[in-house]
>>> print(open('run_12.tsv').read())   # TSV, C-alpha atoms and all ligand atoms
chain	number	residue	atom	x	y	z
W	1	MET	CA	36.41	198.91	-42.02
W	2	ALA	CA	38.58	196.68	-44.17
W	3	ASP	CA	37.92	193.59	-42.03
W	4	ARG	CA	34.12	193.65	-42.28
W	5	HIS	CA	32.57	190.35	-43.43
W	6	VAL	CA	31.00	190.45	-46.87
W	7	GLY	CA	28.91	187.81	-48.56
W	8	ILE	CA	25.82	186.91	-50.57
W	9	ARG	CA	22.70	187.78	-48.54
W	10	ALA	CA	20.10	186.47	-50.97
W	11	THR	CA	19.61	185.32	-54.55
W	12	GLY	CA	16.86	185.44	-57.15
W	13	SER	CA	16.42	184.32	-60.73
W	14	TYR	CA	14.07	184.45	-63.65
W	15	LEU	CA	13.63	182.31	-66.77
W	16	PRO	CA	11.29	183.34	-69.57
W	17	GLU	CA	8.23	181.17	-70.13
W	18	ARG	CA	8.82	179.93	-73.67
W	19	VAL	CA	10.63	176.59	-73.85
W	20	LEU	CA	12.65	175.79	-76.97
W	21	SER	CA	13.29	172.05	-77.21
W	22	ASN	CA	15.81	170.11	-79.26
W	23	ALA	CA	12.86	168.80	-81.29
W	24	ASP	CA	11.96	172.42	-82.13
W	25	LEU	CA	15.56	172.99	-83.28
W	26	GLU	CA	15.41	169.86	-85.46
W	27	ARG	CA	12.73	171.70	-87.43
W	28	MET	CA	14.90	174.85	-87.76
W	29	VAL	CA	18.40	173.57	-88.68
W	30	ASP	CA	20.11	170.32	-89.69
W	31	THR	CA	20.53	168.84	-86.21
W	32	THR	CA	19.24	166.06	-83.98
W	33	ASP	CA	18.19	165.76	-80.36
W	34	GLN	CA	20.77	162.98	-80.00
W	35	TRP	CA	23.67	165.16	-81.26
W	36	ILE	CA	22.72	168.07	-79.00
W	37	VAL	CA	22.28	165.91	-75.88
W	38	GLU	CA	25.47	163.89	-76.44
W	39	ARG	CA	27.71	166.80	-77.44
W	40	THR	CA	26.37	169.47	-75.04
W	41	GLY	CA	23.98	168.03	-72.41
W	42	ILE	CA	21.25	170.48	-73.42
W	43	ARG	CA	17.62	169.33	-73.75
W	44	THR	CA	15.68	172.59	-73.50
W	45	ARG	CA	16.42	176.29	-73.13
W	46	ARG	CA	14.18	179.31	-72.47
W	47	ILE	CA	13.64	182.08	-75.00
W	48	ALA	CA	12.42	185.57	-74.09
W	49	ARG	CA	9.38	187.12	-75.75
W	50	ASP	CA	10.03	189.63	-78.53
W	51	ASP	CA	8.92	192.43	-76.21
W	52	GLU	CA	11.00	191.15	-73.29
W	53	ALA	CA	14.44	192.77	-73.03
W	54	THR	CA	17.42	191.97	-70.82
W	55	SER	CA	16.40	194.60	-68.25
W	56	ASP	CA	12.90	193.07	-67.95
W	57	MET	CA	14.37	189.71	-66.99
W	58	ALA	CA	16.92	191.44	-64.73
W	59	ALA	CA	14.09	193.25	-62.93
W	60	GLU	CA	12.25	190.00	-62.17
W	61	ALA	CA	15.37	188.30	-60.80
W	62	SER	CA	16.34	191.42	-58.82
W	63	ARG	CA	12.93	191.79	-57.15
W	64	ARG	CA	13.11	188.18	-55.99
W	65	ALA	CA	16.62	188.63	-54.56
W	66	LEU	CA	15.75	191.93	-52.85
W	67	GLY	CA	12.55	190.42	-51.43
W	68	ARG	CA	14.44	187.49	-49.94
W	69	ALA	CA	17.08	189.81	-48.49
W	70	GLY	CA	14.33	192.02	-47.06
W	71	LEU	CA	16.12	194.99	-48.59
W	72	ASP	CA	14.37	198.10	-49.87
W	73	PRO	CA	15.76	199.01	-53.34
W	74	LYS	CA	16.27	202.52	-51.97
W	75	ASP	CA	18.99	201.12	-49.71
W	76	LEU	CA	21.11	199.86	-52.61
W	77	ASP	CA	24.19	201.96	-53.23
W	78	LEU	CA	25.71	199.85	-56.01
W	79	LEU	CA	23.99	198.15	-58.93
W	80	VAL	CA	25.99	196.15	-61.48
W	81	VAL	CA	24.59	194.29	-64.47
W	82	ALA	CA	26.87	191.76	-66.17
W	83	THR	CA	25.72	191.27	-69.73
W	84	VAL	CA	26.79	191.04	-73.37
W	85	THR	CA	23.21	191.71	-74.46
W	86	PRO	CA	22.36	195.11	-72.96
W	87	ASP	CA	19.00	196.64	-73.88
W	88	MET	CA	21.03	199.09	-76.00
W	89	PRO	CA	24.65	200.34	-76.06
W	90	PHE	CA	23.77	203.14	-73.64
W	91	PRO	CA	22.38	204.04	-71.20
W	92	SER	CA	23.57	200.99	-69.34
W	93	THR	CA	21.11	198.23	-68.56
W	94	ALA	CA	22.02	198.89	-64.91
W	95	CYS	CA	20.56	202.42	-65.25
W	96	VAL	CA	17.44	201.05	-66.95
W	97	LEU	CA	17.10	198.54	-64.11
W	98	GLN	CA	17.65	201.24	-61.49
W	99	GLU	CA	14.58	203.10	-62.76
W	100	ARG	CA	12.50	199.92	-62.80
W	101	LEU	CA	13.43	199.11	-59.20
W	102	GLY	CA	13.43	202.67	-57.87
W	103	ALA	CA	16.97	202.18	-56.61
W	104	PHE	CA	17.88	205.83	-56.96
W	105	GLY	CA	20.59	205.78	-54.31
W	106	ALA	CA	22.77	203.42	-56.32
W	107	ALA	CA	25.75	203.98	-58.58
W	108	CYS	CA	25.02	201.94	-61.72
W	109	PHE	CA	27.09	200.36	-64.44
W	110	ASP	CA	27.22	197.39	-66.79
W	111	LEU	CA	30.19	195.05	-66.77
W	112	ASN	CA	31.19	193.11	-69.88
W	113	ALA	CA	33.39	190.11	-69.25
W	114	ALA	CA	31.15	187.84	-71.36
W	115	CYS	CA	30.31	184.56	-69.62
W	116	SER	CA	32.63	185.44	-66.71
W	117	GLY	CA	30.85	188.76	-66.19
W	118	TRP	CA	28.81	187.87	-63.13
W	119	LEU	CA	31.85	186.50	-61.34
W	120	TYR	CA	33.85	189.60	-62.23
W	121	SER	CA	30.98	191.74	-60.91
W	122	LEU	CA	30.74	189.74	-57.70
W	123	ASP	CA	34.47	190.20	-57.10
W	124	MET	CA	34.12	193.98	-57.69
W	125	ALA	CA	31.15	194.21	-55.29
W	126	TRP	CA	33.08	192.29	-52.63
W	127	GLY	CA	35.98	194.73	-52.93
W	128	ALA	CA	33.70	197.78	-52.93
W	129	ILE	CA	31.90	196.70	-49.75
W	130	ALA	CA	34.96	195.31	-47.96
W	131	GLY	CA	36.68	198.64	-48.62
W	132	GLY	CA	33.93	200.36	-46.65
W	133	ARG	CA	32.67	202.81	-49.27
W	134	TYR	CA	29.53	200.83	-50.23
W	135	ARG	CA	27.06	198.88	-48.11
W	136	ASN	CA	24.51	197.12	-50.30
W	137	ALA	CA	25.14	195.91	-53.83
W	138	LEU	CA	22.88	194.20	-56.32
W	139	VAL	CA	24.87	192.03	-58.70
W	140	VAL	CA	22.88	190.86	-61.71
W	141	GLY	CA	23.72	188.58	-64.63
W	142	ALA	CA	21.14	188.95	-67.39
W	143	GLU	CA	21.16	187.92	-71.03
W	144	LYS	CA	18.91	187.78	-74.04
W	145	LEU	CA	21.28	185.67	-76.12
W	146	SER	CA	18.46	184.76	-78.50
W	147	ALA	CA	18.81	188.34	-79.81
W	148	ILE	CA	22.42	187.78	-80.98
W	149	THR	CA	22.07	184.13	-82.04
W	150	ASP	CA	22.21	183.19	-85.71
W	151	TRP	CA	19.20	180.89	-85.95
W	152	GLU	CA	20.56	179.50	-89.25
W	153	ASP	CA	23.91	178.41	-87.75
W	154	ARG	CA	23.64	174.96	-86.21
W	155	ASN	CA	27.13	175.32	-84.68
W	156	THR	CA	25.86	177.96	-82.24
W	157	CYS	CA	22.05	178.18	-82.22
W	158	VAL	CA	21.53	174.95	-80.30
W	159	LEU	CA	23.63	176.20	-77.38
W	160	PHE	CA	22.16	179.40	-76.00
W	161	GLY	CA	19.21	180.60	-73.94
W	162	ASP	CA	17.84	183.64	-72.09
W	163	GLY	CA	17.40	184.47	-68.41
W	164	ALA	CA	18.62	186.43	-65.41
W	165	GLY	CA	20.04	185.82	-61.96
W	166	ALA	CA	20.77	188.27	-59.15
W	167	ALA	CA	22.41	188.41	-55.75
W	168	VAL	CA	22.24	190.95	-52.96
W	169	VAL	CA	25.76	191.42	-51.64
W	170	GLY	CA	26.41	193.09	-48.32
W	171	GLU	CA	27.70	192.71	-44.80
W	172	THR	CA	27.20	189.26	-43.34
W	173	PRO	CA	27.63	187.97	-39.76
W	174	ARG	CA	30.53	185.74	-40.83
W	175	PRO	CA	32.82	185.68	-43.86
W	176	GLY	CA	30.98	184.89	-47.10
W	177	PHE	CA	33.56	185.60	-49.77
W	178	ILE	CA	36.72	183.65	-49.05
W	179	SER	CA	38.90	183.95	-52.15
W	180	SER	CA	38.87	185.05	-55.75
W	181	CYS	CA	41.01	184.58	-58.81
W	182	LEU	CA	40.18	186.39	-62.07
W	183	GLY	CA	42.08	186.38	-65.35
W	184	ALA	CA	41.90	187.27	-69.03
W	185	ASP	CA	43.82	186.84	-72.27
W	186	GLY	CA	42.80	189.18	-75.08
W	187	ARG	CA	44.86	187.27	-77.63
W	188	TRP	CA	41.97	184.81	-77.92
W	189	GLY	CA	39.26	187.40	-78.59
W	190	ARG	CA	38.58	186.32	-82.14
W	191	LEU	CA	37.48	182.82	-81.18
W	192	LEU	CA	34.26	184.01	-79.58
W	193	TYR	CA	32.93	187.40	-80.56
W	194	LEU	CA	30.24	189.55	-82.11
W	195	PRO	CA	31.82	191.57	-84.92
W	196	GLY	CA	29.11	194.06	-85.93
W	197	GLY	CA	27.35	197.02	-84.39
W	198	GLY	CA	30.31	198.57	-82.54
W	199	SER	CA	32.75	201.30	-83.58
W	200	ARG	CA	34.82	198.88	-85.70
W	201	HIS	CA	31.89	197.87	-87.86
W	202	PRO	CA	28.95	200.19	-87.15
W	203	ALA	CA	25.55	198.72	-88.01
W	204	SER	CA	24.84	199.06	-91.73
W	205	HIS	CA	23.08	197.12	-94.45
W	206	ALA	CA	26.45	195.46	-95.15
W	207	THR	CA	26.94	194.30	-91.56
W	208	VAL	CA	23.43	192.90	-91.47
W	209	ASP	CA	23.79	191.22	-94.88
W	210	GLY	CA	27.08	189.72	-93.61
W	211	ARG	CA	25.30	188.44	-90.48
W	212	MET	CA	27.84	190.36	-88.39
W	213	HIS	CA	25.23	191.15	-85.74
W	214	TYR	CA	25.33	187.53	-84.59
W	215	MET	CA	27.91	185.92	-82.34
W	216	LYS	CA	30.66	183.75	-83.87
W	217	MET	CA	32.48	180.93	-82.16
W	218	GLU	CA	35.31	178.47	-82.89
W	219	GLY	CA	33.78	175.85	-80.62
W	220	LYS	CA	36.57	173.28	-80.52
W	221	GLU	CA	39.35	175.68	-79.51
W	222	VAL	CA	37.08	177.48	-77.02
W	223	PHE	CA	36.30	174.09	-75.47
W	224	LYS	CA	39.98	173.29	-74.85
W	225	GLN	CA	40.78	176.69	-73.41
W	226	ALA	CA	37.68	176.61	-71.22
W	227	VAL	CA	38.68	173.31	-69.61
W	228	ALA	CA	42.25	174.47	-68.94
W	229	ALA	CA	41.34	177.93	-67.61
W	230	MET	CA	38.41	176.80	-65.45
W	231	SER	CA	40.43	173.98	-63.91
W	232	SER	CA	43.38	176.16	-62.96
W	233	ALA	CA	41.16	179.02	-61.74
W	234	ALA	CA	39.16	176.65	-59.51
W	235	GLU	CA	42.34	175.13	-58.09
W	236	GLU	CA	43.83	178.57	-57.47
W	237	ALA	CA	40.69	179.86	-55.71
W	238	ILE	CA	40.70	176.79	-53.43
W	239	ARG	CA	44.43	177.24	-52.73
W	240	ARG	CA	43.94	180.94	-51.90
W	241	ALA	CA	41.07	179.98	-49.60
W	242	GLY	CA	43.43	177.68	-47.70
W	243	MET	CA	40.97	174.83	-48.26
W	244	ARG	CA	41.00	171.38	-49.83
W	245	ALA	CA	38.76	170.45	-52.76
W	246	ASP	CA	36.95	167.89	-50.56
W	247	GLU	CA	35.83	170.70	-48.22
W	248	ILE	CA	33.86	172.32	-51.05
W	249	ALA	CA	30.21	171.24	-50.91
W	250	CYS	CA	29.45	172.19	-54.47
W	251	PHE	CA	31.08	173.54	-57.62
W	252	ILE	CA	28.94	175.88	-59.69
W	253	PRO	CA	30.51	176.16	-63.12
W	254	HIS	CA	29.48	178.33	-66.03
W	255	GLN	CA	27.05	176.19	-68.01
W	256	ALA	CA	28.56	176.03	-71.52
W	257	ASN	CA	28.77	172.30	-72.13
W	258	VAL	CA	28.33	169.32	-69.80
W	259	ARG	CA	31.46	167.78	-71.33
W	260	ILE	CA	33.48	170.86	-70.31
W	261	MET	CA	32.16	170.52	-66.75
W	262	LYS	CA	33.00	166.80	-66.63
W	263	ALA	CA	36.52	167.45	-67.97
W	264	VAL	CA	37.09	170.15	-65.31
W	265	ALA	CA	35.84	167.83	-62.54
W	266	LYS	CA	38.21	165.11	-63.73
W	267	ARG	CA	41.17	167.47	-64.01
W	268	ILE	CA	40.76	168.85	-60.50
W	269	GLY	CA	39.96	165.42	-59.04
W	270	VAL	CA	36.43	166.12	-57.81
W	271	PRO	CA	33.52	163.66	-58.29
W	272	PHE	CA	31.19	165.08	-60.93
W	273	ASP	CA	28.17	164.68	-58.64
W	274	ARG	CA	29.48	167.70	-56.71
W	275	PHE	CA	29.09	169.86	-59.83
W	276	LEU	CA	25.81	171.72	-60.22
W	277	VAL	CA	24.25	171.24	-63.66
W	278	THR	CA	21.42	173.35	-65.08
W	279	ILE	CA	22.48	173.30	-68.72
W	280	ASP	CA	19.98	170.50	-69.47
W	281	HIS	CA	17.04	172.90	-69.03
W	282	CYS	CA	18.75	176.31	-69.42
W	283	GLY	CA	21.37	175.98	-72.13
W	284	ASN	CA	24.21	178.50	-71.98
W	285	ILE	CA	23.00	181.88	-70.64
W	286	SER	CA	26.44	183.50	-70.50
W	287	ALA	CA	26.71	185.86	-67.51
W	288	ALA	CA	23.37	184.67	-66.11
W	289	SER	CA	24.31	180.97	-65.98
W	290	ILE	CA	26.01	180.90	-62.58
W	291	PRO	CA	23.59	183.11	-60.60
W	292	ILE	CA	20.62	181.14	-62.00
W	293	ALA	CA	22.23	177.83	-61.02
W	294	LEU	CA	23.10	179.17	-57.57
W	295	ASP	CA	19.57	180.44	-57.01
W	296	GLU	CA	18.03	177.15	-58.15
W	297	ALA	CA	20.15	175.15	-55.71
W	298	VAL	CA	19.53	177.53	-52.80
W	299	SER	CA	15.77	177.65	-53.52
W	300	ASP	CA	15.31	173.87	-53.70
W	301	GLY	CA	17.43	173.23	-50.63
W	302	ARG	CA	20.37	171.53	-52.32
W	303	LEU	CA	22.58	174.28	-50.88
W	304	LYS	CA	22.27	175.48	-47.29
W	305	GLU	CA	23.62	178.30	-45.20
W	306	GLY	CA	27.22	177.57	-44.26
W	307	ASP	CA	28.01	175.49	-47.36
W	308	ALA	CA	31.28	176.34	-49.10
W	309	VAL	CA	30.91	176.60	-52.86
W	310	VAL	CA	33.28	177.37	-55.70
W	311	LEU	CA	31.91	179.42	-58.58
W	312	VAL	CA	33.95	179.06	-61.76
W	313	ALA	CA	33.53	180.73	-65.14
W	314	PHE	CA	35.01	181.08	-68.60
W	315	GLY	CA	33.99	183.23	-71.53
W	316	GLY	CA	34.73	185.51	-74.45
W	317	GLY	CA	37.75	187.76	-74.20
W	318	PHE	CA	38.94	185.25	-73.14
W	319	THR	CA	38.04	185.85	-69.51
W	320	TRP	CA	37.86	183.43	-66.62
W	321	GLY	CA	37.59	183.35	-62.88
W	322	ALA	CA	36.76	181.38	-59.76
W	323	MET	CA	35.59	182.37	-56.30
W	324	ALA	CA	35.28	180.38	-53.09
W	325	VAL	CA	32.22	181.53	-51.17
W	326	ARG	CA	30.51	180.41	-47.96
W	327	LEU	CA	26.74	180.77	-48.17
Y	401	LIG	O1	30.09	180.14	-73.06
Y	401	LIG	C1	31.43	180.36	-73.28
Y	401	LIG	C2	32.16	179.59	-74.15
Y	401	LIG	N1	31.55	178.62	-75.02
Y	401	LIG	C3	31.93	177.36	-74.89
Y	401	LIG	O2	32.63	177.03	-73.95
Y	401	LIG	C4	31.57	176.37	-75.97
Y	401	LIG	C5	32.73	175.46	-76.25
Y	401	LIG	N2	32.55	174.52	-77.33
Y	401	LIG	C6	31.67	173.51	-77.32
Y	401	LIG	O3	30.93	173.35	-76.37
Y	401	LIG	C7	31.70	172.51	-78.46
Y	401	LIG	O4	32.86	172.72	-79.23
Y	401	LIG	C8	30.45	172.57	-79.36
Y	401	LIG	C9	29.24	172.03	-78.61
Y	401	LIG	C10	30.19	173.98	-79.80
Y	401	LIG	C11	30.65	171.69	-80.59
Y	401	LIG	O5	30.94	170.35	-80.20
Y	401	LIG	P1	32.19	169.58	-80.82
Y	401	LIG	O6	32.16	168.24	-80.26
Y	401	LIG	O7	33.42	170.42	-80.58
Y	401	LIG	O8	31.80	169.52	-82.33
Y	401	LIG	P2	32.56	170.11	-83.61
Y	401	LIG	O9	32.43	171.59	-83.67
Y	401	LIG	O10	33.93	169.52	-83.69
Y	401	LIG	O11	31.71	169.45	-84.74
Y	401	LIG	C12	31.66	168.04	-84.93
Y	401	LIG	C13	30.69	167.75	-86.05
Y	401	LIG	C14	30.94	168.59	-87.29
Y	401	LIG	O12	30.67	167.81	-88.42
Y	401	LIG	P3	31.87	167.13	-89.26
Y	401	LIG	O13	32.75	168.27	-89.68
Y	401	LIG	O14	32.54	166.20	-88.29
Y	401	LIG	O15	31.14	166.46	-90.37
Y	401	LIG	C15	29.91	169.67	-87.18
Y	401	LIG	O16	29.54	170.20	-88.43
Y	401	LIG	O17	29.37	168.05	-85.61
Y	401	LIG	C16	28.76	168.92	-86.56
Y	401	LIG	N3	27.82	169.78	-85.88
Y	401	LIG	C17	26.53	169.43	-85.68
Y	401	LIG	N4	25.83	168.34	-86.02
Y	401	LIG	C18	24.54	168.29	-85.65
Y	401	LIG	C19	28.04	170.99	-85.31
Y	401	LIG	N5	26.91	171.44	-84.76
Y	401	LIG	C20	25.96	170.50	-84.96
Y	401	LIG	C21	24.60	170.40	-84.62
Y	401	LIG	N6	23.94	169.28	-84.98
Y	401	LIG	N7	23.95	171.36	-83.94
>>> encode(input="run_12.tsv", output="structure tokens")
Amino acid sequence: MADRHVGIRATGSYLPERVLSNADLERMVDTTDQWIVERTGIRTRRIARDDEATSDMAAEASRRALGRAGLDPKDLDLLVVATVTPDMPFPSTACVLQERLGAFGAACFDLNAACSGWLYSLDMAWGAIAGGRYRNALVVGAEKLSAITDWEDRNTCVLFGDGAGAAVVGETPRPGFISSCLGADGRWGRLLYLPGGGSRHPASHATVDGRMHYMKMEGKEVFKQAVAAMSSAAEEAIRRAGMRADEIACFIPHQANVRIMKAVAKRIGVPFDRFLVTIDHCGNISAASIPIALDEAVSDGRLKEGDAVVLVAFGGGFTWGAMAVRL
């Protein structure tokens, strides 16, 4: 069974209705539309309702992907949710989603590799299905980053948004997944993290007073590492695929900063117009960024069946990865 072809059968995504513009942020912190656009490329991002949790957005994206694949949720045997903003520490958001979908034949777990989480999950699903022990996987990236954003910190609050993307992964008539290259370096963990609420600093009045329930980031250093790691991961995935960069129709990078994407394009010698950009209207949605961008481009016809794409991510941990995939 090890030589069966595995790929992405269908995608779906969901963005919450509420739009938060740079002008709105100008009224909240000391910032300007010009600074945000020039330094990040972001114009608007979506923010979930108070009563809308990560699993609610995941359910919307999942139903769209399952519908397009023509797959009954009962036929899923693996359900993975990549997220750093689970509904709660446990049960997993994947189990919450399973109930919502009625996917009771599936093994369910959450995967935390921060912004690289969806790519990590996709790689795991590929291996699980190629190995022959699973047939149909749902791989979801879903985040409510607004819930862990410090809305008084202009260094971070202008960057993030909420949303979900999903892919049905299964057997395909020809090879979908071509190559993968994942990596991590835990020595950099303290540059991008959320200190409170875990076993190190359980939630208390002191952790809340210290704003430890919000994410912290050393933006400048993260930026440099992101460019280096994403460039080498993308090059390695292309090398392992036995392809040349000019054979790749489209690069779909994690959407953290348009300047990071441009620097990666330059470093790997690919014209920036072959990079997919959604950050202008989505902001950074961590694990959901790539599946949302992929779904947008498939839905509006920019990407077609047979196109070779490279997905490339970087995030907290640090974690990174790239995959070459034929749609
Ligand atoms: O998703 C996974 C990983 N995350 C990333 O990859 C993010 C990586 N980092 C970045 O994208 C960028 O570092 C940021 C967008 C976060 C920041 O851009 P930067 O060009 O690195 O700016 P900086 O942090 O060096 O700050 C430059 C100046 C500072 O002022 P001074 O010290 O020069 O007076 C900041 O205080 O910009 C100031 N600043 C702002 N000004 C207006 C920082 N945030 C803002 C803001 N509005 N929102």
>>> axis_aligned_box(input="run_12.tsv", around="ligand LIG 401 (chain Y)", padding_each_side="4 Å", output="JSON")
{"center_x": 28.9, "center_y": 173.3, "center_z": -81.7, "size_x": 18.0, "size_y": 22.2, "size_z": 25.3}
>>> residues_around(input="run_12.tsv", residues="Arg259 (chain W)", least_positions_apart="6", cutoff="10 Å", atoms="all atoms listed in the file", output="VMD selection string")
chain W and resid 38 to 41 223 227 265
>>> residues_near_ligand(input="run_12.tsv", ligand="ligand LIG 401 (chain Y)", cutoff="6 Å", atoms="all atoms listed in the file", output="JSON, numbers by chain")
{"W": [31, 32, 35, 39, 40, 115, 154, 155, 158, 219, 220, 222, 223, 226, 256, 257, 286, 314, 315]}
>>> write_last_selection(input="run_12.tsv", atoms="C-alpha atoms", output="PDB file, in the frame of the given file")
ATOM      1  CA  THR W  31      20.530 168.840 -86.210  1.00  0.00           C
ATOM      2  CA  THR W  32      19.240 166.060 -83.980  1.00  0.00           C
ATOM      3  CA  TRP W  35      23.670 165.160 -81.260  1.00  0.00           C
ATOM      4  CA  ARG W  39      27.710 166.800 -77.440  1.00  0.00           C
ATOM      5  CA  THR W  40      26.370 169.470 -75.040  1.00  0.00           C
ATOM      6  CA  CYS W 115      30.310 184.560 -69.620  1.00  0.00           C
ATOM      7  CA  ARG W 154      23.640 174.960 -86.210  1.00  0.00           C
ATOM      8  CA  ASN W 155      27.130 175.320 -84.680  1.00  0.00           C
ATOM      9  CA  VAL W 158      21.530 174.950 -80.300  1.00  0.00           C
ATOM     10  CA  GLY W 219      33.780 175.850 -80.620  1.00  0.00           C
ATOM     11  CA  LYS W 220      36.570 173.280 -80.520  1.00  0.00           C
ATOM     12  CA  VAL W 222      37.080 177.480 -77.020  1.00  0.00           C
ATOM     13  CA  PHE W 223      36.300 174.090 -75.470  1.00  0.00           C
ATOM     14  CA  ALA W 226      37.680 176.610 -71.220  1.00  0.00           C
ATOM     15  CA  ALA W 256      28.560 176.030 -71.520  1.00  0.00           C
ATOM     16  CA  ASN W 257      28.770 172.300 -72.130  1.00  0.00           C
ATOM     17  CA  SER W 286      26.440 183.500 -70.500  1.00  0.00           C
ATOM     18  CA  PHE W 314      35.010 181.080 -68.600  1.00  0.00           C
ATOM     19  CA  GLY W 315      33.990 183.230 -71.530  1.00  0.00           C
TER      20      GLY W 315
END
>>> residues_around(input="run_12.tsv", residues="Leu78 (chain W)", least_positions_apart="2", cutoff="10 Å", atoms="only C-alpha atoms", output="list in words")
Asp75, Leu76, Val80, Ala94, Gln98, Ala103, Phe104, Gly105, Ala106, Ala107, Cys108, Phe109, Ala125, Ala128, Ile129, Tyr134, Arg135, Asn136, Ala137, Leu138, Val139 and Val169 of chain W
>>> closest_residue(input="run_12.tsv", among="W:Ala324, W:Val298, W:Ala229, W:Leu20", to="Arg68 (chain W)", atoms="all atoms listed in the file")
W:Val298
>>> residues_near_point(input="run_12.tsv", point="(20.3, 190.0, -58.7)", cutoff="8 Å", atoms="all atoms listed in the file", output="count of residues only")
20
>>> closest_atom_pairs(input="run_12.tsv", of="region 94-186 of chain W", to="region 273-279 of chain W", cutoff="12 Å", atoms="all atoms listed in the file", output="JSON lines")
{"residue": "W:Val158", "atom": "CA", "partner": "W:Ile279", "partner_atom": "CA", "distance": 11.7}
{"residue": "W:Leu159", "atom": "CA", "partner": "W:Ile279", "partner_atom": "CA", "distance": 9.2}
{"residue": "W:Phe160", "atom": "CA", "partner": "W:Ile279", "partner_atom": "CA", "distance": 9.5}
{"residue": "W:Gly161", "atom": "CA", "partner": "W:Ile279", "partner_atom": "CA", "distance": 9.6}
{"residue": "W:Asp162", "atom": "CA", "partner": "W:Ile279", "partner_atom": "CA", "distance": 11.8}
>>> closest_residue(input="run_12.tsv", among="W:Cys282, W:Met57, W:Ala293, W:Leu101", to="Pro86 (chain W)", atoms="only C-alpha atoms")
W:Met57
>>> residues_around(input="run_12.tsv", residues="Pro175 (chain W)", least_positions_apart="6", cutoff="8 Å", atoms="only C-alpha atoms", output="list in words")
His5, Val6, Gly7 and Arg326 of chain W
>>> write_last_selection(input="run_12.tsv", atoms="C-alpha atoms", output="short mmCIF file (atom, residue, chain, number, x, y, z; two decimals), in the frame of the given file")
data_model
loop_
_atom_site.label_atom_id
_atom_site.label_comp_id
_atom_site.auth_asym_id
_atom_site.auth_seq_id
_atom_site.Cartn_x
_atom_site.Cartn_y
_atom_site.Cartn_z
CA HIS W 5 32.57 190.35 -43.43
CA VAL W 6 31.00 190.45 -46.87
CA GLY W 7 28.91 187.81 -48.56
CA ARG W 326 30.51 180.41 -47.96
#
>>> closest_residue(input="run_12.tsv", among="W:Ala288, W:Ala228, W:Ile260, W:Val29", to="Trp320 (chain W)", atoms="only C-alpha atoms")
W:Ala228
>>> closest_residue(input="run_12.tsv", among="W:Glu221, W:Asp50, W:Glu305, W:Glu143", to="Ile292 (chain W)", atoms="all atoms listed in the file")
W:Glu143
>>> residues_near_point(input="run_12.tsv", point="(30.2, 177.6, -49.9)", cutoff="7 Å", atoms="all atoms listed in the file", output="list in words")
Ile248, Ala249, Gly306, Asp307, Ala308, Val309, Val310, Ala324, Val325, Arg326 and Leu327 of chain W
>>> atom_distance(input="run_12.tsv", atom1="CA of Asp185 (chain W)", atom2="CA of Ile8 (chain W)")
28.2 Å
>>> closest_residue(input="run_12.tsv", among="W:Asn112, W:Thr149, W:Ser232, W:Ser179", to="Ala287 (chain W)", atoms="only C-alpha atoms")
W:Asn112
>>> atom_distance(input="run_12.tsv", atom1="CA of Leu97 (chain W)", atom2="CA of His281 (chain W)")
26.1 Å
>>> closest_residue(input="run_12.tsv", among="W:Ile238, W:Ala263, W:Ile42, W:Val258", to="Leu311 (chain W)", atoms="all atoms listed in the file")
W:Ile238
>>> residues_around(input="run_12.tsv", residues="Arg49 (chain W)", least_positions_apart="4", cutoff="9 Å", atoms="all atoms listed in the file", output="PyMOL selection string")
chain W and resi 16-18+53
